[in-house]
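Take a look at the structure below.
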Amino acid sequence: MSLAVIMVFLPLLGAAICGLVWRWIGEGLAIWTATCASLISALLAWSVFLNVSGPVDVAVLGSWLVSGSIGLDWAVRVDRVSMLCAVTITSVTALVAVYSHRGLRCEDHFDPDTVYRPRFFAALLWLCFAGLILVMSHNLAQLLAGWGGVTLGVMLMMGFRDRTTNATKAATGAAVVFALAGMMMGLAAAILFLQFDALRFDDIAVLSPGANTVALFGAAWPTTNIVAALLVAAALLSAAQFPFQSWLLAGVDTPSPAMALVQSTILPMASLFVLLRFFPVLEFAPNVMVWLMVFGIATALFGGLCALVQTDIRQALACIGVAQLGLIFAAVGLGAPTVALWQAVIFAAHQSVLILGAGSVVRAMGGASDLGAFGGLRAKMPVTFWAMVAGALSTAGIGLPGLTVGFAGFAPRTALAEVAASAGPPWVLAALGVGSLVLACAVTRVVILCFMGPARGPKEAHKSATESAGAMLAPLGVLAVVCVIGGVFWQGSFYHQPQQVSVWFGQTEVALAPKEAVAKDKDNLPTPVPAQQAGLVWTKGGAVLQNARAVPATASLAVWGAGLLGLLLAFGWVPRMDLGRRSSTSPVRRYFSQAGGLDRVWDRLVGIPAQWFGRTLGRWGDDWVFDGVAQAMAGLLAKAFQGRPGAHFTFVMAVVLGIMGLVIWITGMGVS
């Protein structure tokens with residue numbers, strides 16, 4: 001457990017050195033210290049993960065909050081779910097840190113004398129630390145604290161190039177979305193605490209609120225439906241699912257290393273972790289699970305179609321990532337959390353290699369990100385080309401059907417197909433096949449336009465294009481290897497062998513405690529198997545996996561064939577039609593190229609009202625009410641004492657009057 005604690009706090013140490021001490025020790029030493037901290041944290045995460053047994057292990061660092069019936073400890077929870085998330089976060093952070101030594105170039109966005117690299121590494125490691133606090137939390141308060149840290153980190157990374165409009169828009173959108181998601185999770189935590197007086201995850205797993213109700217709008221609603229709806233809405237918001245994807249697609253000015261960590265790792269791990277920790281509650285809200293599945297499938301289709309017509313490589317990859325996140329949430333909605341987690345781990349690898357590879361291409365082309373300006377780079381950038389090919393084939397789910405051997409994304413995709421065929425209506429499998437086809441076509445299109453065909457765009461940029469430096473190629477090589485062979489590991493533990501899945505995740509089946517028993521005798525609740533020993537509480541896990549394994553092979557074969565067909569269609573469609581119709585005014589193409597036009601809806605619903613509210617509050621509230629009252633009172637007092645109501649006098653009098661008013665209110669209301 002001491003290794004797990006060191007693993008969590010090493011990124012915080014690196015962030016503090018880069019953010020606070022770099023002026024005294026130098027920029028280079030600070031950056032290398034942060035990089036070493038991320039690498040050591042990743043190695044420790046792998047060491048802890050490989051030695052984790054099924055049951056949960058908790059290291060209490062200290063008492064955090066004790067008040068009445070509330071007793072919260074600051075603790076590190078180690079189980080299979082938390083360590084899978086931790087390994088993914090720390091590994092991608094370490095690779096991104098190494099890549100950023102040569103791949104982070106933002107001179108065009110800052111003044112010549114501005115030192116920006118320590119700030120980037122500080123934000124990078126802070127985001128890693130906050131993500132670890134989130135996924136290794138032991139109670140809801142610690143979860144919300146980690147969520148707040150992730151909100152700050154995502155905002156800093158998305159808005160790193162803060163002098164551009166798109167970066168500011170993306171950072172503002174990220175802050176608003178994550179704040180709203182945090183409020184929803186906080187409300188869900190409050191409901192669970194008021195219902196059961198429990199804030200720890202193991203207590204919540206035992207006290208599943210399936211028989212309880214919440215009074216809302218004059219009616220009694222099942223607690224599970226309210227809590228599950230709040231958690232699902234928070235997850236959909238934070239993961240940029242349809243129709244909330246506009247804030248993520250606005251991040252075209254976000255540096256590639258930052259986007260790789262945020263989109264491929266933080267978004268899926270943070271949002272999915274929340275759903276997995278509360279999965280016992282979700283299981284008792286089947287209607288909410290159905291809506292989660294519907295939103296996931298819709299996002300997969302919509303994101304893939306948007307990616308097919310994007311002209312900017314970063315926006316195309318963002319749409320591809322959003323589509324894959326939709327498939328992950330669809331797996332949760334179908335009742336297969338281990339399949340969703342398997343997909344998320346593999347998604348972190350192939351989405352990272354695609355985004356980092358795209359960053360290398362953009363850097364080699366002098367900053368150009370238009371897909372129409374690329375082509376002919378295969379010979380100039382062979383390592384980047386083959387790394388992105390591996391990532392594209394993993395994204396498309398290419399493999400050998402019937403043998404569960406293929407690229408990393410093949411086995412999780414076929415597992416999702418079998419779960420969809422057994423647990424969902426027929427249209428779900430059909431929609432999954434169409435989504436796989438569109439996704440494979442979209443990701444293949446990006447590789448074709450980047451590396452194949454004749455050179456397009458400025459000739460000077462093509463002549464000067466060269467392969468990336470070794471510090472950038474090493475992370476690409478590691479991620480490419482994971483994309484090729486990563487799917488062969490732990491197949492039985494994630495899906496193929498239900499009994500092994502149960503042992504690996506330390507699952508337990510918890511009987512639903514009656515409401516009367518919860519109210520009368522909380523200490524003697526019936527617990528057939530102690531939930532404190534469960535890494536994942538999944539009451540229907542055995543039945544779901546066994547039914548999925550009994551599905552005929554035609555289901556997974558159909559989804560695999562759809563991905564292969566999408567890949568082949570891209571080779572026949574892109575060279576002849578894509579470039580020739582880039583300027584097309586087709587309403588359908590324009591609709592999907594603008595991501596459904598929802599960015600304008602987002603601006604009208606959130607951006608413009610927020611700006612109006614800020615201006616109005618500043619004009620009416622600040623200038624007229626606060627400053628006006630303070631100026632008036634200061635003027636009267638100044639005349640009484642024959643003084644002058646200057647700016648400092650006004651400020652002091654405003655503070656004094658505020659303190660006096662607060663004291664009067666506390667005294668009169670009897671607040672203790």
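A note on labels: chains of the structure tokens are A, B, ... as shown, every chain counts residues from 1, and ligands are counted from 1 in their shown order.
With only C-alpha atoms taken into account, the protein and nucleic acid residues at most 10 Å from Val60 in chain A (excluding it and anything under 5 positions from it in its own chain) are Met1, Val5, Asp73, Trp74, Ala75, Val76, Arg77 and His138 of chain A.
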From range 309-375 of chain A, collect each residue whose DSSP state is helix (DSSP H, G or I) and return the set as JSON, numbers by chain.
-> {"A": [313, 314, 315, 316, 317, 318, 319, 320, 321, 322, 323, 324, 325, 326, 327, 328, 329, 330, 331, 332, 333, 337, 338, 339, 340, 341, 342, 343, 344, 345, 346, 347, 348, 349, 350, 351, 352, 353, 354, 355, 356, 357, 358, 359, 360, 361, 362, 363, 364, 371, 372, 373]}
Would you give me, as JSON, numbers by chain, the residues in range 58-296 of chain A that DSSP reads as strand (DSSP E or B)?
-> {"A": [58, 59, 60, 61, 62, 63, 64, 65, 66, 67, 70, 71, 72, 73, 74, 75, 76, 77, 78, 139, 200, 213, 214, 215, 216, 219, 220, 221, 222]}
Generate a file of the selected residues that holds C-alpha atoms, formatted as a PDB file, in the first residue's frame.
```pdb
ATOM      1  CA  VAL A  58      -7.591   0.458   1.755  1.00  0.00           C
ATOM      2  CA  ALA A  59      -4.747   2.587   3.106  1.00  0.00           C
ATOM      3  CA  VAL A  60      -6.047   5.246   5.504  1.00  0.00           C
ATOM      4  CA  LEU A  61      -3.856   8.346   5.409  1.00  0.00           C
ATOM      5  CA  GLY A  62      -5.746  10.229   8.080  1.00  0.00           C
ATOM      6  CA  SER A  63      -9.089  11.390   9.339  1.00  0.00           C
ATOM      7  CA  TRP A  64     -10.624  13.973   7.038  1.00  0.00           C
ATOM      8  CA  LEU A  65     -14.019  14.931   8.423  1.00  0.00           C
ATOM      9  CA  VAL A  66     -15.761  13.833  11.625  1.00  0.00           C
ATOM     10  CA  SER A  67     -19.084  15.467  12.472  1.00  0.00           C
ATOM     11  CA  ILE A  70     -20.310  11.564   9.332  1.00  0.00           C
ATOM     12  CA  GLY A  71     -16.900   9.969   9.528  1.00  0.00           C
ATOM     13  CA  LEU A  72     -14.719  10.329   6.441  1.00  0.00           C
ATOM     14  CA  ASP A  73     -11.118   9.219   6.088  1.00  0.00           C
ATOM     15  CA  TRP A  74      -8.602  10.379   3.541  1.00  0.00           C
ATOM     16  CA  ALA A  75      -7.733   6.993   2.094  1.00  0.00           C
ATOM     17  CA  VAL A  76      -6.351   5.268  -0.985  1.00  0.00           C
ATOM     18  CA  ARG A  77      -8.553   2.416  -2.223  1.00  0.00           C
ATOM     19  CA  VAL A  78      -6.787  -0.300  -4.196  1.00  0.00           C
ATOM     20  CA  ASN A 139     -15.794   7.844  -0.324  1.00  0.00           C
ATOM     21  CA  ARG A 200     -18.323   5.256   1.605  1.00  0.00           C
ATOM     22  CA  THR A 213     -38.212   6.819  -2.749  1.00  0.00           C
ATOM     23  CA  VAL A 214     -37.491  10.527  -3.023  1.00  0.00           C
ATOM     24  CA  ALA A 215     -40.240  13.142  -2.866  1.00  0.00           C
ATOM     25  CA  LEU A 216     -39.913  15.414  -5.900  1.00  0.00           C
ATOM     26  CA  ALA A 219     -44.591  12.687  -6.311  1.00  0.00           C
ATOM     27  CA  ALA A 220     -42.567   9.778  -4.921  1.00  0.00           C
ATOM     28  CA  TRP A 221     -39.744   8.725  -7.235  1.00  0.00           C
ATOM     29  CA  PRO A 222     -37.535   5.658  -6.757  1.00  0.00           C
TER      30      PRO A 222
END
```
Nearest to Thr395 in chain A by atom-to-atom distance, counting only C-alpha atoms, from A:Leu44, A:Cys450, A:Ile6, A:Cys441 | A:Cys441
Nearby residues (only C-alpha atoms) at most 8 Å from Ala555 in chain A, same-chain spacing under 4 positions excluded, as a ChimeraX atom specification = /A:417-418,421,429,551,559
